[in-house]
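Notes for the one structure printed next.
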There are 2 protein chains.
Amino acid sequence: MSGNEFDIISRYFSTQPVSRHDVDLGIGDDAALITVPENCQLVVTTDTLVAGVHFLAGANPEWVAHKALAANLSDLAAMGAMPAWCSLALTLPDSDEQWVASFCKGFYALAEYFHVQLVGGDTTKGPLSITITMQGYLPSGQALTRSGAKVGDWIYVTGELGDSATGLDFILGQREMSVAGAGEFVHRHYYRQPRVLAGQSLRGIASAALDISDGLVADLPHILSASGVGAVLEADCLPVSDALKALESDPVNAAKIALTSGEEYELCFTVPESHRGAVDTALSHCGTKAVCVGQVRSGKELAINWQGETVDWTLAGWDHFRSNE
Amino acid sequence: MSGNEFDIISRYFSTQPVSRHDVDLGIGDDAALITVPENCQLVVTTDTLVAGVHFLAGANPEWVAHKALAANLSDLAAMGAMPAWCSLALTLPDSDEQWVASFCKGFYALAEYFHVQLVGGDTTKGPLSITITMQGYLPSGQALTRSGAKVGDWIYVTGELGDSATGLDFILGQREMSVAGAGEFVHRHYYRQPRVLAGQSLRGIASAALDISDGLVADLPHILSASGVGAVLEADCLPVSDALKALESDPVNAAKIALTSGEEYELCFTVPESHRGAVDTALSHCGTKAVCVGQVRSGKELAINWQGETVDWTLAGWDHFRSNE
C-alpha cells in the first residue's frame, strides 16, 4: 500500500487468513511479487462498486465485501480460471473502524473459501467505493472466451435466475419488505456464490462462456457478437427458484425477471452437441446444476420463445443491449 | 470490462496504441489473458487518485491521467520491475466525452512510452476517482525490496526533490500564481517522470529501494523499519532544483521542502560500500542522476544533519511518520 492510507485501516489488511506459497512478497512493499505457475496464462479482471450505484451506503459492509469480491471471482469463473491473488482499492469517507472490521469479515470469508490472497491495494479518503483487481491463472490455451460459439451449440445457464433482481427490488423499496421471504431475497442479492469450480470444470467442454452481470438478455449478446452468431432462448426453460415462483404466480412474469436479472453471477455458456453428455458429469462433480435454455443459430438476432412460439416481450434494458454490433 | 459502463466512454478504451505480444486476450471478455515471461516474477501494484484529495476536480484530465499512471509506474520502478499491463477503474460523475478524450491522451502517451497495455477495467458512474492496477515482471529473485538495507549502506535519491510539493502549493493557492515560474512548478507536480529504467538498472546494486510518494522523511522510515536499521540524512546534500533555489533563497527552507515533498516519484535506495562505484555507471546509461544523501546506521532512529550537525527541525508530517514500529 502506498500513501494516504489511514493507519488503523491498513492494519486490518496487513494481517489476513490466506497465505499462498506462490506469493513471494505480499502487502508492505511498493508492489507484490508473485510466481505464476508454469505453463499457465495469467487472468486479470477488475470491478468497481460505488456506494449509491452498486450498493446502498448503509448496506451491511460484510455483504458489500462479499458482493465486490464475488463480482471478480465470477469474471474469473467465466474464463475457467483459478482465482489466486487480488488487490483492494478502498475509498472511505472517514476512518470508520467498525465498518472496516465488518467489511473485512465478509471479504476474508470469501477470499479464504477460494484461497485468494490479498497482495496489495490502496486505502484512500473519499466517497465510498471499492475496486478489486483479481488475478488468477489457467493452463495456457484453455480459457473459456466469448468468441467460440458455433451455430447449433446449446446454451446453458447455471443455478437459478431472477432472485438477485428481486432482492434488489426489496432493497430499493420497489417491493414490500413485509412480503414473506423478503429478507431471503435481499440476502441472495448480496450473497451470490460465484461459479468458480463450475467454470474450471467446463474447460474443454464449453465453446464460449460469460457470467451474468447485466442480465441474460443483456449478456448473451456479448457471446453472439463476439462469435458472429444469433440465438434463440426458450424462456419457459429458464431456471427459476421456488421462492420466485411463489412470489410471481404468473410464470411469464417470473421468466421476464429471470431474463433481465443482473448481478446473478451465474454462468451462461454454449456447448457443442458432441459435448452435451460431458456437461452434467463435469458439473455434478462441483455440485452445480445447469440447464439448457436455448440454441445458437445463424444470423445476429437473439429471439425469445415461450412454449415454442417467438414472443416480443418488452424487457427492461433490452433495447439498449439488443443492438450490439 | 463488465456492466455499468457508459458505451461512449468504453469506446475510448477498446482501441489503444499499445499492443503487446504477451497479451493473449485484451479488453472485451470477462477477463484478460496474459503470458508472463518465463523465469520471471509477476509484480503487482495499485493506486487510487480521488478528486478533491489527490487532484482538483477541475484539473487538466491529461495531467491527472499522467499522474495516476505515473504513481503505479513509480511503484514498479521501485521494485526494479519492467511495467507491462494495467487495468483502469474509472469512476465519473457523468459521461463527459471531452474529459475522457483528454484523460486518454495523457494516459496513452505515458502508457505508450513505457509500452504498457491496458488490458481491462471498469467504467462506473459516481464521484470522480481513478484506480489503476499495474502488473510488471522481473527476473525471479532480483526485486528491490525495502528490507535489504544494512548498517553502513549509503542512501541515495534520484533526480531533485521539492518541486512536487511546491507545485502543489501553487495549485492550492498557498503560493501566489503571479510568481515567476509558478506554472512550471504546477506542471512538474503533475508531470513527474517515473524512474522505470533507473529502477531496473539498480537490480543487483541497490540493497533496498522505494519510491518517494509521501516525502523522503516519511518514506525512508519504511526501509529502516523493514530492514531493522536507523539512518542519518545530510539535509544539505539533498538535490534541489535551480528553480526551487531561486524561489526559496534560504537553503534550510529549500531542504525542508525537499525532505517532505510527496508525490515526487523519485527513487530512494541504499547501496553497500562495495557497489557504490556501480551506481553512477548503471544510472548514466538511463540518463538519471542520483546523489548520496545519507547513510544507514544501527538503531531505529532517523537523524537529520545540517552541515554536519544534527538538527531537530519541525517538519510537516514528520511526527506522524516517525513512529513506524
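Naming scheme: A, B, ... for chains in displayed order of the C-alpha cells; residues 1 onward per chain; ligands 1 onward as shown.
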Using DSSP on the backbone, list every residue of region 10-67 of chain A that comes out as strand (DSSP E), and give them as a PyMOL selection string.
chain A and resi 23-25+32-34+40-50
Using only C-alpha atoms and a distance of at most 8 Å, pull out the residues of chain A that contact chain B, as a ChimeraX atom specification.
/A:1-4,29-36,38,40-50,53,75-76,78-79,87-89,119-127,131,133,145-146,210-211,213-214
Could you find all residues in region 26-112 of chain A that DSSP calls helix (DSSP H, G or I) from the backbone, and write them as a PyMOL selection string?
chain A and resi 61-79+97-112
Taking 2 positions as the minimum chain separation for residues in the same chain, which residues sit within 7 Å of Gln295 (chain B) when counting only C-alpha atoms? Answer as a VMD selection string.
chain B and resid 152 to 155 231 to 233 297
What would the file look like if the residues just selected were written as a PDB file, in the first residue's frame with all heavy atoms?
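out-v1.pdb written:
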ATOM      1  N   GLY B 152      25.726   0.834   7.451  1.00  0.00           N
ATOM      2  CA  GLY B 152      26.866   1.249   6.637  1.00  0.00           C
ATOM      3  C   GLY B 152      26.507   1.542   5.189  1.00  0.00           C
ATOM      4  O   GLY B 152      27.261   2.236   4.497  1.00  0.00           O
ATOM      5  N   ASP B 153      25.374   0.994   4.720  1.00  0.00           N
ATOM      6  CA  ASP B 153      24.962   1.273   3.336  1.00  0.00           C
ATOM      7  C   ASP B 153      24.729   2.776   3.153  1.00  0.00           C
ATOM      8  O   ASP B 153      24.330   3.474   4.083  1.00  0.00           O
ATOM      9  CB  ASP B 153      23.643   0.547   3.001  1.00  0.00           C
ATOM     10  CG  ASP B 153      23.838  -0.954   2.797  1.00  0.00           C
ATOM     11  OD1 ASP B 153      24.987  -1.427   2.880  1.00  0.00           O
ATOM     12  OD2 ASP B 153      22.825  -1.644   2.578  1.00  0.00           O
ATOM     13  N   TRP B 154      24.983   3.235   1.936  1.00  0.00           N
ATOM     14  CA  TRP B 154      24.775   4.649   1.616  1.00  0.00           C
ATOM     15  C   TRP B 154      23.377   4.845   1.072  1.00  0.00           C
ATOM     16  O   TRP B 154      22.832   3.984   0.374  1.00  0.00           O
ATOM     17  CB  TRP B 154      25.836   5.111   0.618  1.00  0.00           C
ATOM     18  CG  TRP B 154      27.217   4.986   1.193  1.00  0.00           C
ATOM     19  CD1 TRP B 154      28.091   3.959   1.015  1.00  0.00           C
ATOM     20  CD2 TRP B 154      27.841   5.889   2.108  1.00  0.00           C
ATOM     21  NE1 TRP B 154      29.231   4.157   1.737  1.00  0.00           N
ATOM     22  CE2 TRP B 154      29.114   5.350   2.432  1.00  0.00           C
ATOM     23  CE3 TRP B 154      27.466   7.106   2.687  1.00  0.00           C
ATOM     24  CZ2 TRP B 154      30.009   5.965   3.303  1.00  0.00           C
ATOM     25  CZ3 TRP B 154      28.352   7.739   3.550  1.00  0.00           C
ATOM     26  CH2 TRP B 154      29.608   7.165   3.855  1.00  0.00           C
ATOM     27  N   ILE B 155      22.803   6.024   1.376  1.00  0.00           N
ATOM     28  CA  ILE B 155      21.434   6.329   0.952  1.00  0.00           C
ATOM     29  C   ILE B 155      21.473   7.320  -0.204  1.00  0.00           C
ATOM     30  O   ILE B 155      22.104   8.377  -0.092  1.00  0.00           O
ATOM     31  CB  ILE B 155      20.617   6.925   2.125  1.00  0.00           C
ATOM     32  CG1 ILE B 155      20.568   5.919   3.274  1.00  0.00           C
ATOM     33  CG2 ILE B 155      19.208   7.312   1.670  1.00  0.00           C
ATOM     34  CD1 ILE B 155      20.032   6.508   4.578  1.00  0.00           C
ATOM     35  N   ALA B 231      19.114   5.575  10.419  1.00  0.00           N
ATOM     36  CA  ALA B 231      19.829   6.279   9.357  1.00  0.00           C
ATOM     37  C   ALA B 231      20.068   7.729   9.732  1.00  0.00           C
ATOM     38  O   ALA B 231      19.431   8.269  10.642  1.00  0.00           O
ATOM     39  CB  ALA B 231      19.041   6.222   8.051  1.00  0.00           C
ATOM     40  N   VAL B 232      20.999   8.331   9.032  1.00  0.00           N
ATOM     41  CA  VAL B 232      21.185   9.773   9.115  1.00  0.00           C
ATOM     42  C   VAL B 232      21.073  10.343   7.703  1.00  0.00           C
ATOM     43  O   VAL B 232      21.580   9.754   6.741  1.00  0.00           O
ATOM     44  CB  VAL B 232      22.546  10.138   9.756  1.00  0.00           C
ATOM     45  CG1 VAL B 232      23.715   9.541   8.965  1.00  0.00           C
ATOM     46  CG2 VAL B 232      22.704  11.654   9.873  1.00  0.00           C
ATOM     47  N   LEU B 233      20.344  11.458   7.582  1.00  0.00           N
ATOM     48  CA  LEU B 233      20.232  12.165   6.304  1.00  0.00           C
ATOM     49  C   LEU B 233      21.024  13.461   6.404  1.00  0.00           C
ATOM     50  O   LEU B 233      20.908  14.186   7.394  1.00  0.00           O
ATOM     51  CB  LEU B 233      18.767  12.506   6.005  1.00  0.00           C
ATOM     52  CG  LEU B 233      17.871  11.402   5.463  1.00  0.00           C
ATOM     53  CD1 LEU B 233      16.450  11.937   5.295  1.00  0.00           C
ATOM     54  CD2 LEU B 233      18.400  10.864   4.132  1.00  0.00           C
ATOM     55  N   ARG B 297      22.479   3.510   9.622  1.00  0.00           N
ATOM     56  CA  ARG B 297      23.162   3.300  10.892  1.00  0.00           C
ATOM     57  C   ARG B 297      22.430   2.240  11.697  1.00  0.00           C
ATOM     58  O   ARG B 297      21.325   1.833  11.346  1.00  0.00           O
ATOM     59  CB  ARG B 297      23.170   4.616  11.699  1.00  0.00           C
ATOM     60  CG  ARG B 297      23.781   5.780  10.953  1.00  0.00           C
ATOM     61  CD  ARG B 297      24.261   6.867  11.862  1.00  0.00           C
ATOM     62  NE  ARG B 297      23.203   7.542  12.599  1.00  0.00           N
ATOM     63  CZ  ARG B 297      23.352   8.780  13.115  1.00  0.00           C
ATOM     64  NH1 ARG B 297      24.492   9.441  12.969  1.00  0.00           N
ATOM     65  NH2 ARG B 297      22.373   9.345  13.779  1.00  0.00           N
TER      66      ARG B 297
END
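With only C-alpha atoms as the atoms that count, the residue of A:Ala235, A:Ala59, A:Ala206, A:Leu168 with the shortest distance to Phe185 (chain A) is A:Leu168.
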For CA of Gln117 (chain B) and CA of Glu266 (chain B), the interatomic separation in Å (one decimal)
23.2 Å
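Taking only C-alpha atoms into account, Leu283 (chain A) lies nearest to A:Val157 out of the set A:Val157, A:Gly299, A:Leu244, A:Gln193.
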Counting only C-alpha atoms, closest pick from A:Thr158, A:Ser207, A:Ser102, A:Asn305 relative to Ala255 (chain A) is A:Asn305
At what distance in Å, to one decimal, does CA of Lys67 (chain A) lie from CA of Tyr12 (chain A)?
19.0 Å
Given only C-alpha atoms as the counted atoms, nearest of B:Val229, B:Val18, B:Leu267, B:Trp313 to Val196 (chain B):
B:Leu267
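When CA of Cys286 (chain B) is paired with CA of Leu197 (chain B), their separation reads 6.1 Å.
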